[in-house]
Each structure stands twice: as structure tokens, then as C-alpha cells.
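What follows is the content of protein.txt, which has compact mmCIF, N, CA and C atoms:
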```txt
# COMPACT_ATOMS: atom_id res chain seq x y z
N MET L 1 -23.69 8.27 -26.41
CA MET L 1 -24.16 7.21 -27.26
C MET L 1 -24.70 6.08 -26.37
N ALA L 2 -25.81 5.51 -26.77
CA ALA L 2 -26.43 4.45 -25.98
C ALA L 2 -25.72 3.12 -26.22
N GLU L 3 -25.58 2.37 -25.14
CA GLU L 3 -24.91 1.08 -25.24
C GLU L 3 -25.92 0.02 -25.70
N ASN L 4 -25.46 -0.84 -26.58
CA ASN L 4 -26.32 -1.91 -27.07
C ASN L 4 -26.30 -3.04 -26.06
N THR L 5 -27.37 -3.20 -25.32
CA THR L 5 -27.44 -4.23 -24.29
C THR L 5 -28.20 -5.48 -24.76
N LYS L 6 -28.68 -5.48 -25.96
CA LYS L 6 -29.45 -6.62 -26.47
C LYS L 6 -28.62 -7.47 -27.42
N ARG L 7 -27.33 -7.57 -27.14
CA ARG L 7 -26.48 -8.41 -27.97
C ARG L 7 -26.62 -9.86 -27.56
N SER L 8 -26.86 -10.73 -28.53
CA SER L 8 -26.90 -12.16 -28.27
C SER L 8 -26.79 -12.90 -29.59
N VAL L 9 -26.41 -14.15 -29.52
CA VAL L 9 -26.24 -14.94 -30.73
C VAL L 9 -27.60 -15.35 -31.29
N PHE L 10 -28.44 -15.92 -30.45
CA PHE L 10 -29.73 -16.42 -30.92
C PHE L 10 -30.91 -15.63 -30.35
N GLY L 11 -30.72 -14.92 -29.30
CA GLY L 11 -31.78 -14.11 -28.73
C GLY L 11 -32.65 -14.84 -27.72
N PHE L 12 -32.30 -16.05 -27.33
CA PHE L 12 -33.06 -16.79 -26.33
C PHE L 12 -32.33 -16.71 -25.00
N HIS L 13 -33.04 -16.30 -23.97
CA HIS L 13 -32.42 -16.11 -22.67
C HIS L 13 -33.16 -16.91 -21.62
N GLY L 14 -32.49 -17.19 -20.54
CA GLY L 14 -33.13 -17.80 -19.38
C GLY L 14 -33.49 -19.25 -19.59
N LEU L 15 -34.61 -19.63 -19.01
CA LEU L 15 -35.05 -21.02 -19.02
C LEU L 15 -35.37 -21.51 -20.42
N PHE L 16 -35.92 -20.66 -21.24
CA PHE L 16 -36.26 -21.05 -22.62
C PHE L 16 -35.00 -21.38 -23.42
N GLY L 17 -33.97 -20.62 -23.32
CA GLY L 17 -32.71 -20.90 -23.99
C GLY L 17 -32.05 -22.15 -23.47
N PHE L 18 -32.16 -22.35 -22.16
CA PHE L 18 -31.60 -23.57 -21.55
C PHE L 18 -32.31 -24.80 -22.09
N LEU L 19 -33.63 -24.76 -22.16
CA LEU L 19 -34.39 -25.91 -22.66
C LEU L 19 -34.07 -26.19 -24.13
N ILE L 20 -33.92 -25.16 -24.91
CA ILE L 20 -33.59 -25.36 -26.33
C ILE L 20 -32.22 -26.01 -26.46
N SER L 21 -31.25 -25.57 -25.68
CA SER L 21 -29.91 -26.16 -25.78
C SER L 21 -29.89 -27.60 -25.28
N VAL L 22 -30.61 -27.91 -24.22
CA VAL L 22 -30.64 -29.28 -23.70
C VAL L 22 -31.32 -30.21 -24.70
N VAL L 23 -32.44 -29.79 -25.26
CA VAL L 23 -33.14 -30.61 -26.24
C VAL L 23 -32.26 -30.81 -27.48
N GLY L 24 -31.55 -29.79 -27.89
CA GLY L 24 -30.64 -29.93 -29.04
C GLY L 24 -29.52 -30.93 -28.77
N LEU L 25 -28.92 -30.86 -27.60
CA LEU L 25 -27.84 -31.78 -27.27
C LEU L 25 -28.36 -33.21 -27.14
N LEU L 26 -29.53 -33.39 -26.54
CA LEU L 26 -30.10 -34.73 -26.44
C LEU L 26 -30.45 -35.29 -27.81
N THR L 27 -30.91 -34.45 -28.71
CA THR L 27 -31.21 -34.89 -30.07
C THR L 27 -29.95 -35.36 -30.78
N ILE L 28 -28.87 -34.62 -30.61
CA ILE L 28 -27.60 -35.01 -31.22
C ILE L 28 -27.12 -36.34 -30.64
N CYS L 29 -27.22 -36.51 -29.32
CA CYS L 29 -26.78 -37.77 -28.69
C CYS L 29 -27.61 -38.95 -29.17
N VAL L 30 -28.93 -38.78 -29.25
CA VAL L 30 -29.79 -39.87 -29.72
C VAL L 30 -29.47 -40.20 -31.18
N GLY L 31 -29.26 -39.19 -32.00
CA GLY L 31 -28.91 -39.43 -33.40
C GLY L 31 -27.61 -40.20 -33.55
N LEU L 32 -26.60 -39.83 -32.76
CA LEU L 32 -25.32 -40.54 -32.82
C LEU L 32 -25.45 -41.98 -32.33
N MET L 33 -26.26 -42.20 -31.29
CA MET L 33 -26.45 -43.57 -30.80
C MET L 33 -27.17 -44.42 -31.83
N LEU L 34 -28.14 -43.86 -32.53
CA LEU L 34 -28.83 -44.61 -33.57
C LEU L 34 -27.90 -44.95 -34.72
N MET L 35 -27.00 -44.03 -35.06
CA MET L 35 -26.03 -44.32 -36.11
C MET L 35 -25.06 -45.42 -35.68
N VAL L 36 -24.66 -45.44 -34.41
CA VAL L 36 -23.78 -46.48 -33.90
C VAL L 36 -24.47 -47.84 -33.96
N ILE L 37 -25.74 -47.88 -33.58
CA ILE L 37 -26.48 -49.14 -33.63
C ILE L 37 -26.60 -49.64 -35.07
N ALA L 38 -26.82 -48.73 -36.00
CA ALA L 38 -26.91 -49.13 -37.41
C ALA L 38 -25.59 -49.69 -37.92
N VAL L 39 -24.48 -49.09 -37.54
CA VAL L 39 -23.16 -49.57 -37.96
C VAL L 39 -22.88 -50.94 -37.36
N GLN L 40 -23.24 -51.14 -36.09
CA GLN L 40 -23.00 -52.44 -35.46
C GLN L 40 -23.85 -53.53 -36.09
N ARG L 41 -25.10 -53.22 -36.43
CA ARG L 41 -25.95 -54.22 -37.09
C ARG L 41 -25.39 -54.56 -38.47
N ASN L 42 -24.89 -53.57 -39.19
CA ASN L 42 -24.30 -53.81 -40.50
C ASN L 42 -23.05 -54.68 -40.38
N ALA L 43 -22.25 -54.45 -39.36
CA ALA L 43 -21.05 -55.26 -39.16
C ALA L 43 -21.40 -56.69 -38.77
N GLN L 44 -22.52 -56.88 -38.10
CA GLN L 44 -22.92 -58.23 -37.73
C GLN L 44 -23.44 -58.99 -38.94
N VAL L 45 -24.15 -58.32 -39.82
CA VAL L 45 -24.71 -58.98 -40.99
C VAL L 45 -23.63 -59.24 -42.03
N ARG L 46 -22.78 -58.24 -42.28
CA ARG L 46 -21.70 -58.38 -43.27
C ARG L 46 -20.36 -58.17 -42.57
N PRO L 47 -19.76 -59.23 -42.02
CA PRO L 47 -18.48 -59.05 -41.33
C PRO L 47 -17.36 -58.72 -42.31
N TYR L 48 -16.24 -58.36 -41.75
CA TYR L 48 -15.07 -57.98 -42.54
C TYR L 48 -14.60 -59.15 -43.39
N ASP L 49 -14.34 -58.90 -44.64
CA ASP L 49 -13.87 -59.92 -45.57
C ASP L 49 -12.36 -59.82 -45.72
N PRO L 50 -11.61 -60.79 -45.23
CA PRO L 50 -10.15 -60.71 -45.31
C PRO L 50 -9.58 -61.18 -46.64
N ALA L 51 -10.41 -61.40 -47.64
CA ALA L 51 -9.93 -61.95 -48.91
C ALA L 51 -8.84 -61.10 -49.57
N PRO L 52 -8.92 -59.78 -49.57
CA PRO L 52 -7.86 -59.02 -50.25
C PRO L 52 -6.49 -59.11 -49.59
N ILE L 53 -6.41 -59.52 -48.31
CA ILE L 53 -5.11 -59.55 -47.64
C ILE L 53 -4.60 -60.96 -47.42
N ARG L 54 -5.11 -61.93 -48.11
CA ARG L 54 -4.62 -63.31 -47.94
C ARG L 54 -3.25 -63.49 -48.59
N ASP L 55 -2.97 -62.74 -49.61
CA ASP L 55 -1.66 -62.83 -50.26
C ASP L 55 -0.72 -61.87 -49.55
N VAL L 56 0.39 -62.39 -49.07
CA VAL L 56 1.33 -61.57 -48.31
C VAL L 56 1.98 -60.50 -49.18
N HIS L 57 2.02 -60.67 -50.47
CA HIS L 57 2.67 -59.69 -51.33
C HIS L 57 1.81 -58.44 -51.53
N ASN L 58 0.54 -58.48 -51.13
CA ASN L 58 -0.31 -57.29 -51.20
C ASN L 58 -0.04 -56.34 -50.04
N LEU L 59 0.63 -56.79 -49.01
CA LEU L 59 0.88 -55.98 -47.83
C LEU L 59 2.23 -55.31 -47.92
N LYS L 60 2.27 -54.08 -47.47
CA LYS L 60 3.52 -53.33 -47.54
C LYS L 60 4.31 -53.38 -46.23
N MET L 61 3.62 -53.50 -45.09
CA MET L 61 4.31 -53.41 -43.81
C MET L 61 4.86 -54.76 -43.34
N ILE L 62 4.40 -55.86 -43.88
CA ILE L 62 4.86 -57.17 -43.43
C ILE L 62 5.78 -57.75 -44.50
N SER L 63 6.98 -58.10 -44.12
CA SER L 63 7.92 -58.66 -45.08
C SER L 63 7.63 -60.13 -45.29
N VAL L 64 8.23 -60.69 -46.31
CA VAL L 64 8.05 -62.11 -46.62
C VAL L 64 8.62 -62.97 -45.50
N ASP L 65 9.66 -62.49 -44.81
CA ASP L 65 10.26 -63.25 -43.72
C ASP L 65 9.31 -63.38 -42.52
N ASN L 66 8.45 -62.41 -42.31
CA ASN L 66 7.55 -62.41 -41.16
C ASN L 66 6.16 -62.93 -41.49
N LYS L 67 5.98 -63.53 -42.63
CA LYS L 67 4.63 -63.94 -43.02
C LYS L 67 4.09 -65.09 -42.16
N ASN L 68 4.97 -65.82 -41.48
CA ASN L 68 4.50 -66.89 -40.62
C ASN L 68 3.85 -66.38 -39.34
N PHE L 69 4.08 -65.11 -39.00
CA PHE L 69 3.57 -64.56 -37.76
C PHE L 69 2.33 -63.70 -37.96
N ALA L 70 1.91 -63.48 -39.18
CA ALA L 70 0.78 -62.60 -39.44
C ALA L 70 -0.26 -63.31 -40.30
N PHE L 71 -1.52 -63.00 -40.04
CA PHE L 71 -2.65 -63.49 -40.83
C PHE L 71 -2.68 -65.01 -40.92
N GLN L 72 -2.69 -65.65 -39.76
CA GLN L 72 -2.78 -67.09 -39.70
C GLN L 72 -4.19 -67.52 -40.13
N THR L 73 -4.28 -68.57 -40.88
CA THR L 73 -5.58 -69.10 -41.27
C THR L 73 -6.09 -70.06 -40.20
N LYS L 74 -7.34 -70.44 -40.29
CA LYS L 74 -7.94 -71.33 -39.30
C LYS L 74 -7.38 -72.74 -39.40
N ASP L 75 -6.80 -73.09 -40.52
CA ASP L 75 -6.30 -74.44 -40.73
C ASP L 75 -5.08 -74.75 -39.87
N LYS L 76 -4.29 -73.74 -39.54
CA LYS L 76 -3.03 -73.97 -38.83
C LYS L 76 -3.22 -74.11 -37.35
```

So, in terms of C-alpha cells, how does the structure I just supplied come out?
Amino acid sequence: MAENTKRSVFGFHGLFGFLISVVGLLTICVGLMLMVIAVQRNAQVRPYDPAPIRDVHNLKMISVDNKNFAFQTKDK
């Protein structure tokens, strides 16, 4: 029986397969960097709103006794 020597996932070999993989990885990196820049610009335009956590009773991890040490306002 003849051995199947043409087994491959995509069928691209040598320099052509290398170039396809490098271009694919660079495309993924550029896409991720563009998404990071978009998230940072959005955070700069609309910063985090701490309004929902101003009341200490909305928080589960901080007890009423420790409220003086957490979420200090600018007035103090």
C-alpha cells in the first residue's frame, strides 16, 4: 500500500506558507492594538462613574465599620 506523503493542514509549504503565517500573525497583532487604542480613547472620553458605589450599603465586601478607609471623596 502506498504511503500518503501529501498530508498537511492547509497545503502551503516552504516560504509561501511562512509568509502567510507571518502576515496572519501581524494582522492579528495590528487588530488587537487598534482595539486597545479604541478602548483607551473611550476611557478618556467617558471615565469611570463612581456614582453607584457612593453608598456604603451597596457594597458587600466593605463593612460599615471600615467605611472611613474606603472610597474617600475629594472633600476630605

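With CA of Pro47 in chain L on one side and CA of Met35 in chain L on the other, the separation reads 17.4 Å.
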
* Record the distance separating atom C of Thr27 in chain L and CA of Val39 in chain L, expressed in Å with one decimal. => 17.3 Å

* To do: Work out how far apart atom N of Leu26 in chain L and CA of Lys6 in chain L are and give it in Å to one decimal.
  =>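 Pair atom N of Leu26 in chain L / CA of Lys6 in chain L returns 26.8 Å.
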